[in-house]
file data-v3.txt (compact mmCIF, N, CA and C atoms)
# COMPACT_ATOMS: atom_id res chain seq x y z
N MET Z 155 98.44 -12.14 54.90
CA MET Z 155 97.41 -12.07 53.89
C MET Z 155 97.43 -10.75 53.12
N PRO Z 156 97.70 -9.60 53.77
CA PRO Z 156 97.74 -8.36 52.99
C PRO Z 156 98.78 -8.39 51.88
N SER Z 157 99.89 -9.09 52.12
CA SER Z 157 100.92 -9.14 51.08
C SER Z 157 100.42 -9.88 49.84
N LEU Z 158 99.56 -10.91 50.03
CA LEU Z 158 98.99 -11.63 48.90
C LEU Z 158 98.10 -10.70 48.08
N VAL Z 159 97.33 -9.89 48.78
CA VAL Z 159 96.45 -8.95 48.09
C VAL Z 159 97.27 -7.93 47.32
N ARG Z 160 98.33 -7.41 47.94
CA ARG Z 160 99.18 -6.43 47.26
C ARG Z 160 99.85 -7.04 46.04
N ARG Z 161 100.31 -8.28 46.18
CA ARG Z 161 100.93 -8.95 45.04
C ARG Z 161 99.91 -9.14 43.92
N SER Z 162 98.69 -9.52 44.27
CA SER Z 162 97.65 -9.73 43.27
C SER Z 162 97.32 -8.44 42.54
N ARG Z 163 97.19 -7.37 43.29
CA ARG Z 163 96.90 -6.07 42.65
C ARG Z 163 98.04 -5.67 41.72
N GLY Z 164 99.26 -5.90 42.20
CA GLY Z 164 100.41 -5.58 41.36
C GLY Z 164 100.42 -6.40 40.09
N PHE Z 165 100.05 -7.67 40.20
CA PHE Z 165 100.00 -8.54 39.03
C PHE Z 165 98.94 -8.05 38.05
N ILE Z 166 97.76 -7.71 38.58
CA ILE Z 166 96.68 -7.24 37.71
C ILE Z 166 97.08 -5.95 37.02
N LEU Z 167 97.65 -5.02 37.76
CA LEU Z 167 98.07 -3.76 37.17
C LEU Z 167 99.16 -3.98 36.12
N ALA Z 168 100.09 -4.85 36.42
CA ALA Z 168 101.16 -5.14 35.46
C ALA Z 168 100.59 -5.79 34.20
N ALA Z 169 99.63 -6.70 34.37
CA ALA Z 169 99.02 -7.36 33.22
C ALA Z 169 98.26 -6.35 32.37
N LEU Z 170 97.49 -5.49 33.00
CA LEU Z 170 96.73 -4.48 32.25
C LEU Z 170 97.66 -3.51 31.54
N LEU Z 171 98.71 -3.09 32.22
CA LEU Z 171 99.66 -2.19 31.59
C LEU Z 171 100.33 -2.85 30.39
N GLY Z 172 100.70 -4.10 30.54
CA GLY Z 172 101.34 -4.82 29.44
C GLY Z 172 100.43 -4.97 28.25
N VAL Z 173 99.17 -5.32 28.49
CA VAL Z 173 98.21 -5.46 27.40
C VAL Z 173 97.96 -4.12 26.74
N SER Z 174 97.82 -3.06 27.56
CA SER Z 174 97.57 -1.73 27.01
C SER Z 174 98.74 -1.27 26.14
N LEU Z 175 99.96 -1.47 26.64
CA LEU Z 175 101.13 -1.05 25.87
C LEU Z 175 101.27 -1.86 24.58
N ALA Z 176 100.97 -3.15 24.66
CA ALA Z 176 101.05 -3.98 23.46
C ALA Z 176 100.01 -3.54 22.43
N ALA Z 177 98.82 -3.20 22.90
CA ALA Z 177 97.77 -2.76 21.99
C ALA Z 177 98.12 -1.42 21.37
N VAL Z 178 98.63 -0.50 22.18
CA VAL Z 178 98.98 0.83 21.68
C VAL Z 178 100.18 0.74 20.74
N ALA Z 179 101.13 -0.11 21.05
CA ALA Z 179 102.32 -0.22 20.22
C ALA Z 179 101.97 -0.71 18.82
N GLY Z 180 100.94 -1.49 18.68
CA GLY Z 180 100.57 -2.00 17.37
C GLY Z 180 99.61 -1.11 16.61
N CYS Z 181 99.23 0.01 17.19
CA CYS Z 181 98.17 0.82 16.59
C CYS Z 181 98.64 1.73 15.46
N GLY Z 182 99.72 2.40 15.59
CA GLY Z 182 100.06 3.40 14.59
C GLY Z 182 101.41 3.17 13.95
N ARG Z 183 101.56 2.12 13.22
CA ARG Z 183 102.86 1.78 12.66
C ARG Z 183 103.17 2.58 11.40
N ASN Z 184 104.23 3.35 11.48
CA ASN Z 184 104.84 3.99 10.32
C ASN Z 184 103.89 4.80 9.45
N TYR Z 185 102.88 5.37 10.02
CA TYR Z 185 102.02 6.26 9.27
C TYR Z 185 102.33 7.68 9.71
N GLY Z 186 102.30 8.58 8.76
CA GLY Z 186 102.52 9.98 9.08
C GLY Z 186 101.27 10.54 9.73
N PRO Z 187 101.01 11.81 9.50
CA PRO Z 187 99.84 12.42 10.09
C PRO Z 187 98.55 11.72 9.65
N TYR Z 188 98.52 11.26 8.41
CA TYR Z 188 97.42 10.42 7.92
C TYR Z 188 97.95 9.63 6.74
N PRO Z 189 97.31 8.51 6.42
CA PRO Z 189 97.82 7.69 5.32
C PRO Z 189 97.91 8.50 4.03
N ALA Z 190 99.02 8.33 3.35
CA ALA Z 190 99.28 9.14 2.16
C ALA Z 190 98.55 8.62 0.94
N THR Z 191 98.22 7.36 0.89
CA THR Z 191 97.56 6.81 -0.28
C THR Z 191 96.35 5.98 0.13
N ALA Z 192 95.49 5.75 -0.84
CA ALA Z 192 94.31 4.91 -0.58
C ALA Z 192 94.74 3.48 -0.27
N LEU Z 193 95.87 3.04 -0.85
CA LEU Z 193 96.36 1.69 -0.58
C LEU Z 193 96.71 1.54 0.90
N GLU Z 194 97.38 2.54 1.48
CA GLU Z 194 97.70 2.48 2.90
C GLU Z 194 96.44 2.46 3.75
N VAL Z 195 95.44 3.23 3.36
CA VAL Z 195 94.18 3.24 4.10
C VAL Z 195 93.54 1.86 4.03
N ASN Z 196 93.52 1.26 2.86
CA ASN Z 196 92.93 -0.07 2.71
C ASN Z 196 93.68 -1.13 3.51
N GLU Z 197 95.01 -1.04 3.52
CA GLU Z 197 95.80 -1.98 4.31
C GLU Z 197 95.48 -1.84 5.79
N ARG Z 198 95.37 -0.61 6.22
CA ARG Z 198 95.06 -0.35 7.62
C ARG Z 198 93.65 -0.83 7.97
N ILE Z 199 92.71 -0.62 7.08
CA ILE Z 199 91.34 -1.09 7.29
C ILE Z 199 91.34 -2.61 7.43
N LEU Z 200 92.06 -3.30 6.56
CA LEU Z 200 92.11 -4.76 6.64
C LEU Z 200 92.72 -5.24 7.96
N ARG Z 201 93.77 -4.58 8.40
CA ARG Z 201 94.42 -4.95 9.65
C ARG Z 201 93.46 -4.73 10.83
N ILE Z 202 92.79 -3.60 10.83
CA ILE Z 202 91.86 -3.29 11.93
C ILE Z 202 90.65 -4.20 11.86
N ARG Z 203 90.17 -4.48 10.66
CA ARG Z 203 89.01 -5.38 10.50
C ARG Z 203 89.36 -6.78 11.03
N GLY Z 204 90.57 -7.26 10.76
CA GLY Z 204 91.00 -8.56 11.28
C GLY Z 204 91.06 -8.58 12.79
N ALA Z 205 91.61 -7.51 13.38
CA ALA Z 205 91.65 -7.42 14.85
C ALA Z 205 90.25 -7.34 15.42
N PHE Z 206 89.36 -6.64 14.73
CA PHE Z 206 87.97 -6.52 15.18
C PHE Z 206 87.29 -7.88 15.18
N GLU Z 207 87.45 -8.63 14.10
CA GLU Z 207 86.80 -9.95 14.02
C GLU Z 207 87.31 -10.88 15.12
N LYS Z 208 88.61 -10.82 15.39
CA LYS Z 208 89.18 -11.64 16.46
C LYS Z 208 88.62 -11.23 17.81
N THR Z 209 88.52 -9.94 18.05
CA THR Z 209 87.99 -9.42 19.30
C THR Z 209 86.52 -9.76 19.45
N LYS Z 210 85.79 -9.70 18.34
CA LYS Z 210 84.35 -9.98 18.34
C LYS Z 210 84.08 -11.45 18.64
N ALA Z 211 85.00 -12.34 18.29
CA ALA Z 211 84.81 -13.77 18.48
C ALA Z 211 85.15 -14.23 19.90
N ASP Z 212 85.64 -13.36 20.73
CA ASP Z 212 86.01 -13.71 22.10
C ASP Z 212 84.78 -14.10 22.92
N PRO Z 213 84.92 -15.07 23.82
CA PRO Z 213 83.78 -15.48 24.66
C PRO Z 213 83.21 -14.35 25.53
N LEU Z 214 84.00 -13.34 25.84
CA LEU Z 214 83.53 -12.22 26.66
C LEU Z 214 82.90 -11.10 25.83
N ALA Z 215 82.72 -11.32 24.54
CA ALA Z 215 82.25 -10.27 23.65
C ALA Z 215 80.88 -9.73 24.02
N ASN Z 216 80.04 -10.54 24.61
CA ASN Z 216 78.71 -10.08 24.98
C ASN Z 216 78.76 -8.96 26.01
N GLU Z 217 79.80 -8.94 26.84
CA GLU Z 217 79.95 -7.90 27.86
C GLU Z 217 80.24 -6.54 27.26
N VAL Z 218 80.80 -6.50 26.08
CA VAL Z 218 81.20 -5.24 25.45
C VAL Z 218 80.50 -5.06 24.10
N ARG Z 219 79.29 -5.55 24.02
CA ARG Z 219 78.54 -5.54 22.76
C ARG Z 219 78.42 -4.13 22.17
N LEU Z 220 78.10 -3.14 23.00
CA LEU Z 220 77.94 -1.77 22.49
C LEU Z 220 79.26 -1.20 21.96
N ASP Z 221 80.35 -1.50 22.66
CA ASP Z 221 81.66 -1.03 22.20
C ASP Z 221 82.04 -1.69 20.87
N LEU Z 222 81.68 -2.96 20.72
CA LEU Z 222 81.95 -3.64 19.45
C LEU Z 222 81.13 -3.01 18.32
N GLN Z 223 79.90 -2.63 18.61
CA GLN Z 223 79.07 -1.97 17.59
C GLN Z 223 79.66 -0.63 17.20
N ARG Z 224 80.14 0.12 18.19
CA ARG Z 224 80.78 1.41 17.89
C ARG Z 224 82.02 1.21 17.02
N THR Z 225 82.81 0.21 17.37
CA THR Z 225 84.03 -0.06 16.60
C THR Z 225 83.69 -0.39 15.16
N GLU Z 226 82.69 -1.23 14.97
CA GLU Z 226 82.29 -1.60 13.61
C GLU Z 226 81.80 -0.38 12.84
N THR Z 227 81.11 0.52 13.50
CA THR Z 227 80.63 1.74 12.86
C THR Z 227 81.81 2.59 12.38
N TRP Z 228 82.83 2.73 13.21
CA TRP Z 228 84.01 3.52 12.80
C TRP Z 228 84.72 2.86 11.62
N ILE Z 229 84.81 1.55 11.63
CA ILE Z 229 85.47 0.84 10.52
C ILE Z 229 84.68 1.02 9.23
N VAL Z 230 83.37 0.86 9.31
CA VAL Z 230 82.51 1.02 8.12
C VAL Z 230 82.61 2.45 7.58
N THR Z 231 82.64 3.42 8.47
CA THR Z 231 82.76 4.82 8.05
C THR Z 231 84.10 5.06 7.35
N ALA Z 232 85.16 4.49 7.89
CA ALA Z 232 86.47 4.63 7.24
C ALA Z 232 86.49 3.94 5.88
N GLU Z 233 85.82 2.79 5.79
CA GLU Z 233 85.74 2.10 4.50
C GLU Z 233 85.00 2.95 3.47
N ALA Z 234 83.94 3.62 3.89
CA ALA Z 234 83.19 4.49 2.98
C ALA Z 234 84.06 5.65 2.50
N GLU Z 235 84.84 6.21 3.40
CA GLU Z 235 85.76 7.29 3.02
C GLU Z 235 86.79 6.78 2.01
N ALA Z 236 87.31 5.59 2.22
CA ALA Z 236 88.32 5.03 1.32
C ALA Z 236 87.72 4.74 -0.06
N LYS Z 237 86.46 4.28 -0.10
CA LYS Z 237 85.81 3.99 -1.38
C LYS Z 237 85.57 5.26 -2.19
N ASP Z 238 85.34 6.36 -1.48
CA ASP Z 238 85.14 7.64 -2.18
C ASP Z 238 86.45 8.17 -2.74
N GLY Z 239 87.55 7.56 -2.37
CA GLY Z 239 88.85 7.99 -2.87
C GLY Z 239 89.41 9.18 -2.12
N LYS Z 240 88.76 9.56 -1.06
CA LYS Z 240 89.23 10.70 -0.27
C LYS Z 240 90.26 10.20 0.73
N VAL Z 241 91.47 10.63 0.58
CA VAL Z 241 92.51 10.28 1.54
C VAL Z 241 92.82 11.54 2.31
N ASP Z 242 92.22 11.65 3.47
CA ASP Z 242 92.43 12.84 4.27
C ASP Z 242 92.48 12.48 5.75
N GLU Z 243 92.47 13.48 6.59
CA GLU Z 243 92.60 13.26 8.02
C GLU Z 243 91.37 12.57 8.61
N ARG Z 244 90.22 12.71 7.98
CA ARG Z 244 89.02 12.08 8.53
C ARG Z 244 89.13 10.55 8.52
N ALA Z 245 89.62 9.99 7.44
CA ALA Z 245 89.79 8.53 7.37
C ALA Z 245 90.75 8.07 8.46
N ASP Z 246 91.83 8.81 8.65
CA ASP Z 246 92.78 8.48 9.70
C ASP Z 246 92.13 8.59 11.08
N LEU Z 247 91.30 9.59 11.27
CA LEU Z 247 90.62 9.77 12.55
C LEU Z 247 89.67 8.60 12.83
N TYR Z 248 88.92 8.18 11.83
CA TYR Z 248 88.00 7.05 12.01
C TYR Z 248 88.76 5.78 12.37
N LEU Z 249 89.87 5.55 11.68
CA LEU Z 249 90.66 4.34 11.94
C LEU Z 249 91.34 4.40 13.31
N THR Z 250 91.83 5.56 13.67
CA THR Z 250 92.46 5.72 14.98
C THR Z 250 91.43 5.52 16.09
N THR Z 251 90.23 6.02 15.87
CA THR Z 251 89.16 5.83 16.85
C THR Z 251 88.80 4.35 16.98
N ALA Z 252 88.73 3.65 15.87
CA ALA Z 252 88.44 2.21 15.90
C ALA Z 252 89.55 1.47 16.65
N GLU Z 253 90.80 1.84 16.40
CA GLU Z 253 91.92 1.21 17.11
C GLU Z 253 91.84 1.47 18.61
N GLY Z 254 91.50 2.67 18.98
CA GLY Z 254 91.36 2.99 20.40
C GLY Z 254 90.24 2.19 21.05
N GLN Z 255 89.14 2.06 20.33
CA GLN Z 255 88.01 1.28 20.83
C GLN Z 255 88.42 -0.19 21.01
N LEU Z 256 89.14 -0.73 20.05
CA LEU Z 256 89.62 -2.12 20.15
C LEU Z 256 90.57 -2.28 21.33
N SER Z 257 91.43 -1.31 21.54
CA SER Z 257 92.35 -1.36 22.66
C SER Z 257 91.59 -1.37 23.98
N MET Z 258 90.55 -0.57 24.08
CA MET Z 258 89.74 -0.52 25.28
C MET Z 258 89.05 -1.87 25.53
N ILE Z 259 88.54 -2.47 24.48
CA ILE Z 259 87.86 -3.77 24.59
C ILE Z 259 88.86 -4.85 25.03
N GLN Z 260 90.03 -4.86 24.42
CA GLN Z 260 91.04 -5.86 24.77
C GLN Z 260 91.51 -5.68 26.22
N THR Z 261 91.57 -4.44 26.68
CA THR Z 261 91.92 -4.18 28.06
C THR Z 261 90.84 -4.72 29.00
N HIS Z 262 89.59 -4.56 28.61
CA HIS Z 262 88.48 -5.11 29.40
C HIS Z 262 88.60 -6.63 29.50
N TYR Z 263 88.88 -7.27 28.37
CA TYR Z 263 89.05 -8.73 28.37
C TYR Z 263 90.17 -9.14 29.32
N ALA Z 264 91.29 -8.46 29.25
CA ALA Z 264 92.44 -8.80 30.09
C ALA Z 264 92.10 -8.61 31.57
N ARG Z 265 91.39 -7.52 31.89
CA ARG Z 265 91.02 -7.27 33.27
C ARG Z 265 90.09 -8.36 33.79
N ARG Z 266 89.10 -8.74 33.00
CA ARG Z 266 88.15 -9.77 33.42
C ARG Z 266 88.85 -11.12 33.62
N ARG Z 267 89.76 -11.45 32.74
CA ARG Z 267 90.49 -12.71 32.88
C ARG Z 267 91.38 -12.69 34.13
N ALA Z 268 92.00 -11.55 34.40
CA ALA Z 268 92.84 -11.43 35.59
C ALA Z 268 91.98 -11.52 36.85
N GLU Z 269 90.80 -10.93 36.83
CA GLU Z 269 89.90 -11.01 37.98
C GLU Z 269 89.45 -12.45 38.22
N GLU Z 270 89.14 -13.17 37.15
CA GLU Z 270 88.74 -14.57 37.28
C GLU Z 270 89.87 -15.43 37.82
N LYS Z 271 91.07 -15.17 37.34
CA LYS Z 271 92.23 -15.92 37.81
C LYS Z 271 92.49 -15.63 39.29
N LEU Z 272 92.35 -14.38 39.68
CA LEU Z 272 92.54 -14.00 41.08
C LEU Z 272 91.48 -14.66 41.96
N ALA Z 273 90.25 -14.69 41.50
CA ALA Z 273 89.17 -15.32 42.28
C ALA Z 273 89.44 -16.81 42.48
N LYS Z 274 89.93 -17.48 41.44
CA LYS Z 274 90.27 -18.91 41.56
C LYS Z 274 91.40 -19.12 42.57
N ARG Z 275 92.39 -18.25 42.53
CA ARG Z 275 93.51 -18.37 43.47
C ARG Z 275 93.03 -18.14 44.90
N ARG Z 276 92.15 -17.18 45.08
CA ARG Z 276 91.60 -16.93 46.42
C ARG Z 276 90.84 -18.14 46.93
N GLU Z 277 90.03 -18.72 46.06
CA GLU Z 277 89.27 -19.91 46.45
C GLU Z 277 90.20 -21.04 46.85
N GLN Z 278 91.27 -21.22 46.09
CA GLN Z 278 92.22 -22.27 46.40
C GLN Z 278 92.95 -21.99 47.72
N ALA Z 279 93.27 -20.72 47.95
CA ALA Z 279 93.98 -20.36 49.17
C ALA Z 279 93.09 -20.50 50.40
N LEU Z 280 91.81 -20.25 50.26
CA LEU Z 280 90.89 -20.31 51.39
C LEU Z 280 90.25 -21.68 51.58
N ALA Z 281 90.41 -22.56 50.60
CA ALA Z 281 89.81 -23.90 50.69
C ALA Z 281 90.54 -24.69 51.77
N PRO Z 282 89.78 -25.46 52.55
CA PRO Z 282 90.43 -26.28 53.59
C PRO Z 282 91.28 -27.38 52.95
N THR Z 283 92.41 -27.63 53.55
CA THR Z 283 93.29 -28.69 53.03
C THR Z 283 92.78 -30.05 53.49
N ALA Z 284 93.33 -31.11 52.95
CA ALA Z 284 92.92 -32.47 53.32
C ALA Z 284 93.21 -32.75 54.78
N ASP Z 285 94.29 -32.19 55.35
CA ASP Z 285 94.63 -32.40 56.76
C ASP Z 285 93.58 -31.78 57.68
N GLU Z 286 93.08 -30.61 57.30
CA GLU Z 286 92.09 -29.93 58.12
C GLU Z 286 90.75 -30.65 58.12
N THR Z 287 90.38 -31.22 56.99
CA THR Z 287 89.08 -31.88 56.89
C THR Z 287 89.07 -33.24 57.58
N SER Z 288 90.22 -33.90 57.76
CA SER Z 288 90.26 -35.22 58.37
C SER Z 288 90.24 -35.16 59.89
N GLU Z 289 90.47 -34.01 60.46
CA GLU Z 289 90.51 -33.88 61.92
C GLU Z 289 89.18 -33.88 62.54
call {"tool": "encode", "arguments": {"input": "data-v3.txt", "output": "C-alpha cells"}}
result
Amino acid sequence: MPSLVRRSRGFILAALLGVSLAAVAGCGRNYGPYPATALEVNERILRIRGAFEKTKADPLANEVRLDLQRTETWIVTAEAEAKDGKVDERADLYLTTAEGQLSMIQTHYARRRAEEKLAKRREQALAPTADETSE
C-alpha cells in the first residue's frame, strides 16, 4: 500500500509541475523588458483577457473567487495604461502580475482535479469486490 501512495504523490507532483511549466512557458513570449508598442500591449491584453475568461468559466472558479477578482483588477489597470498611450514598464508589470495570478489559479484547478481523481482511485481500491461480498 505505501507504494500506491508514493506513486500517487509522484503523479500529483508531476501533474502540477507539468501544468505550472506549461502556464509559465506561455506567459512571456518574445517580449523584451516591456512591450515596445501599444499594439503589443493590446495584443497581450487580449491574450490574457481570453485566458482569464476561460479560467473564470471553470466549475471550480468559486473556490478562487478572490484571486479571479485580483486578476481582473490587474487586467483592467493594464488596459487603462494602454488607453493612456503610455507604453512603459508599469503596463508590463500589471500584465505579468495578471499572468502569474492566472498561473496560480490554473495550478489550483489542476491540484484539485488530481486530488479528486486520487480520492476516486482510493475508493475503488478499498471497495469490496464482488467475490468478497458474496461470501
call {"tool": "closest_atom_pairs", "arguments": {"input": "data-v3.txt", "of": "stretch 191-226 of chain Z", "to": "stretch 248-270 of chain Z", "cutoff": "7 Å", "atoms": "all atoms listed in the file", "output": "tab-separated table"}}
result
residue	atom	partner	partner_atom	distance
Z:Ile202	CA	Z:Glu253	CA	6.9
Z:Phe206	CA	Z:Leu256	CA	6.8
Z:Leu214	CA	Z:Tyr263	CA	6.8
Z:Val218	CA	Z:Ile259	CA	6.9
Z:Asp221	C	Z:Gln255	C	6.6
Z:Arg224	C	Z:Ala252	CA	6.6
Z:Thr225	CA	Z:Ala252	CA	5.0
Z:Glu226	N	Z:Ala252	CA	6.8
call {"tool": "atom_distance", "arguments": {"input": "data-v3.txt", "atom1": "atom N of Z:Lys208", "atom2": "atom N of Z:Arg275"}}
result
28.4 Å
call {"tool": "atom_distance", "arguments": {"input": "data-v3.txt", "atom1": "atom CA of Z:Leu222", "atom2": "atom N of Z:Asp242"}}
result
24.4 Å
call {"tool": "atom_distance", "arguments": {"input": "data-v3.txt", "atom1": "atom CA of Z:Asp246", "atom2": "atom N of Z:Glu194"}}
result
11.1 Å
call {"tool": "build_atoms", "arguments": {"input": "data-v3.txt", "residues": "stretch 225-235 of chain Z", "atoms": "all heavy atoms", "output": "mmCIF file, in the frame of the given file"}}
result
data_model
loop_
_atom_site.group_PDB
_atom_site.id
_atom_site.type_symbol
_atom_site.label_atom_id
_atom_site.label_comp_id
_atom_site.auth_asym_id
_atom_site.auth_seq_id
_atom_site.Cartn_x
_atom_site.Cartn_y
_atom_site.Cartn_z
ATOM 1 N N THR Z 225 82.810 0.210 17.370
ATOM 2 C CA THR Z 225 84.030 -0.060 16.600
ATOM 3 C C THR Z 225 83.690 -0.390 15.160
ATOM 4 O O THR Z 225 84.321 0.127 14.228
ATOM 5 C CB THR Z 225 84.802 -1.239 17.238
ATOM 6 O OG1 THR Z 225 85.072 -0.938 18.596
ATOM 7 C CG2 THR Z 225 86.088 -1.512 16.493
ATOM 8 N N GLU Z 226 82.690 -1.230 14.970
ATOM 9 C CA GLU Z 226 82.290 -1.600 13.610
ATOM 10 C C GLU Z 226 81.800 -0.380 12.840
ATOM 11 O O GLU Z 226 82.087 -0.223 11.648
ATOM 12 C CB GLU Z 226 81.224 -2.685 13.641
ATOM 13 C CG GLU Z 226 80.922 -3.242 12.263
ATOM 14 C CD GLU Z 226 80.101 -4.510 12.326
ATOM 15 O OE1 GLU Z 226 79.337 -4.702 13.293
ATOM 16 O OE2 GLU Z 226 80.232 -5.317 11.395
ATOM 17 N N THR Z 227 81.110 0.520 13.500
ATOM 18 C CA THR Z 227 80.630 1.740 12.860
ATOM 19 C C THR Z 227 81.810 2.590 12.380
ATOM 20 O O THR Z 227 81.788 3.109 11.254
ATOM 21 C CB THR Z 227 79.755 2.557 13.825
ATOM 22 O OG1 THR Z 227 78.651 1.755 14.225
ATOM 23 C CG2 THR Z 227 79.268 3.832 13.179
ATOM 24 N N TRP Z 228 82.830 2.730 13.210
ATOM 25 C CA TRP Z 228 84.010 3.520 12.800
ATOM 26 C C TRP Z 228 84.720 2.860 11.620
ATOM 27 O O TRP Z 228 85.179 3.552 10.707
ATOM 28 C CB TRP Z 228 84.979 3.673 13.978
ATOM 29 C CG TRP Z 228 84.448 4.546 15.073
ATOM 30 C CD1 TRP Z 228 84.237 4.182 16.362
ATOM 31 C CD2 TRP Z 228 84.052 5.920 14.978
ATOM 32 N NE1 TRP Z 228 83.724 5.240 17.064
ATOM 33 C CE2 TRP Z 228 83.606 6.322 16.250
ATOM 34 C CE3 TRP Z 228 84.032 6.847 13.947
ATOM 35 C CZ2 TRP Z 228 83.150 7.603 16.518
ATOM 36 C CZ3 TRP Z 228 83.571 8.128 14.205
ATOM 37 C CH2 TRP Z 228 83.139 8.501 15.478
ATOM 38 N N ILE Z 229 84.810 1.550 11.630
ATOM 39 C CA ILE Z 229 85.470 0.840 10.520
ATOM 40 C C ILE Z 229 84.680 1.020 9.230
ATOM 41 O O ILE Z 229 85.249 1.316 8.178
ATOM 42 C CB ILE Z 229 85.659 -0.654 10.861
ATOM 43 C CG1 ILE Z 229 86.627 -0.814 12.030
ATOM 44 C CG2 ILE Z 229 86.167 -1.416 9.647
ATOM 45 C CD1 ILE Z 229 86.681 -2.225 12.593
ATOM 46 N N VAL Z 230 83.370 0.860 9.310
ATOM 47 C CA VAL Z 230 82.510 1.020 8.120
ATOM 48 C C VAL Z 230 82.610 2.450 7.580
ATOM 49 O O VAL Z 230 82.674 2.657 6.362
ATOM 50 C CB VAL Z 230 81.052 0.635 8.453
ATOM 51 C CG1 VAL Z 230 80.103 1.053 7.349
ATOM 52 C CG2 VAL Z 230 80.950 -0.860 8.718
ATOM 53 N N THR Z 231 82.640 3.420 8.470
ATOM 54 C CA THR Z 231 82.760 4.820 8.050
ATOM 55 C C THR Z 231 84.100 5.060 7.350
ATOM 56 O O THR Z 231 84.152 5.739 6.316
ATOM 57 C CB THR Z 231 82.618 5.758 9.263
ATOM 58 O OG1 THR Z 231 81.392 5.464 9.939
ATOM 59 C CG2 THR Z 231 82.609 7.210 8.834
ATOM 60 N N ALA Z 232 85.160 4.490 7.890
ATOM 61 C CA ALA Z 232 86.470 4.630 7.240
ATOM 62 C C ALA Z 232 86.490 3.940 5.880
ATOM 63 O O ALA Z 232 87.078 4.460 4.919
ATOM 64 C CB ALA Z 232 87.564 4.038 8.137
ATOM 65 N N GLU Z 233 85.820 2.790 5.790
ATOM 66 C CA GLU Z 233 85.740 2.100 4.500
ATOM 67 C C GLU Z 233 85.000 2.950 3.470
ATOM 68 O O GLU Z 233 85.391 3.005 2.300
ATOM 69 C CB GLU Z 233 85.041 0.747 4.656
ATOM 70 C CG GLU Z 233 85.888 -0.290 5.354
ATOM 71 C CD GLU Z 233 85.123 -1.566 5.679
ATOM 72 O OE1 GLU Z 233 83.879 -1.532 5.744
ATOM 73 O OE2 GLU Z 233 85.785 -2.601 5.872
ATOM 74 N N ALA Z 234 83.940 3.620 3.890
ATOM 75 C CA ALA Z 234 83.190 4.490 2.980
ATOM 76 C C ALA Z 234 84.060 5.650 2.500
ATOM 77 O O ALA Z 234 84.021 6.021 1.320
ATOM 78 C CB ALA Z 234 81.929 5.017 3.676
ATOM 79 N N GLU Z 235 84.840 6.210 3.400
ATOM 80 C CA GLU Z 235 85.760 7.290 3.020
ATOM 81 C C GLU Z 235 86.790 6.780 2.010
ATOM 82 O O GLU Z 235 87.120 7.466 1.052
ATOM 83 C CB GLU Z 235 86.485 7.834 4.259
ATOM 84 C CG GLU Z 235 85.630 8.662 5.166
ATOM 85 C CD GLU Z 235 85.358 10.046 4.615
ATOM 86 O OE1 GLU Z 235 86.276 10.665 4.040
ATOM 87 O OE2 GLU Z 235 84.223 10.509 4.770
#
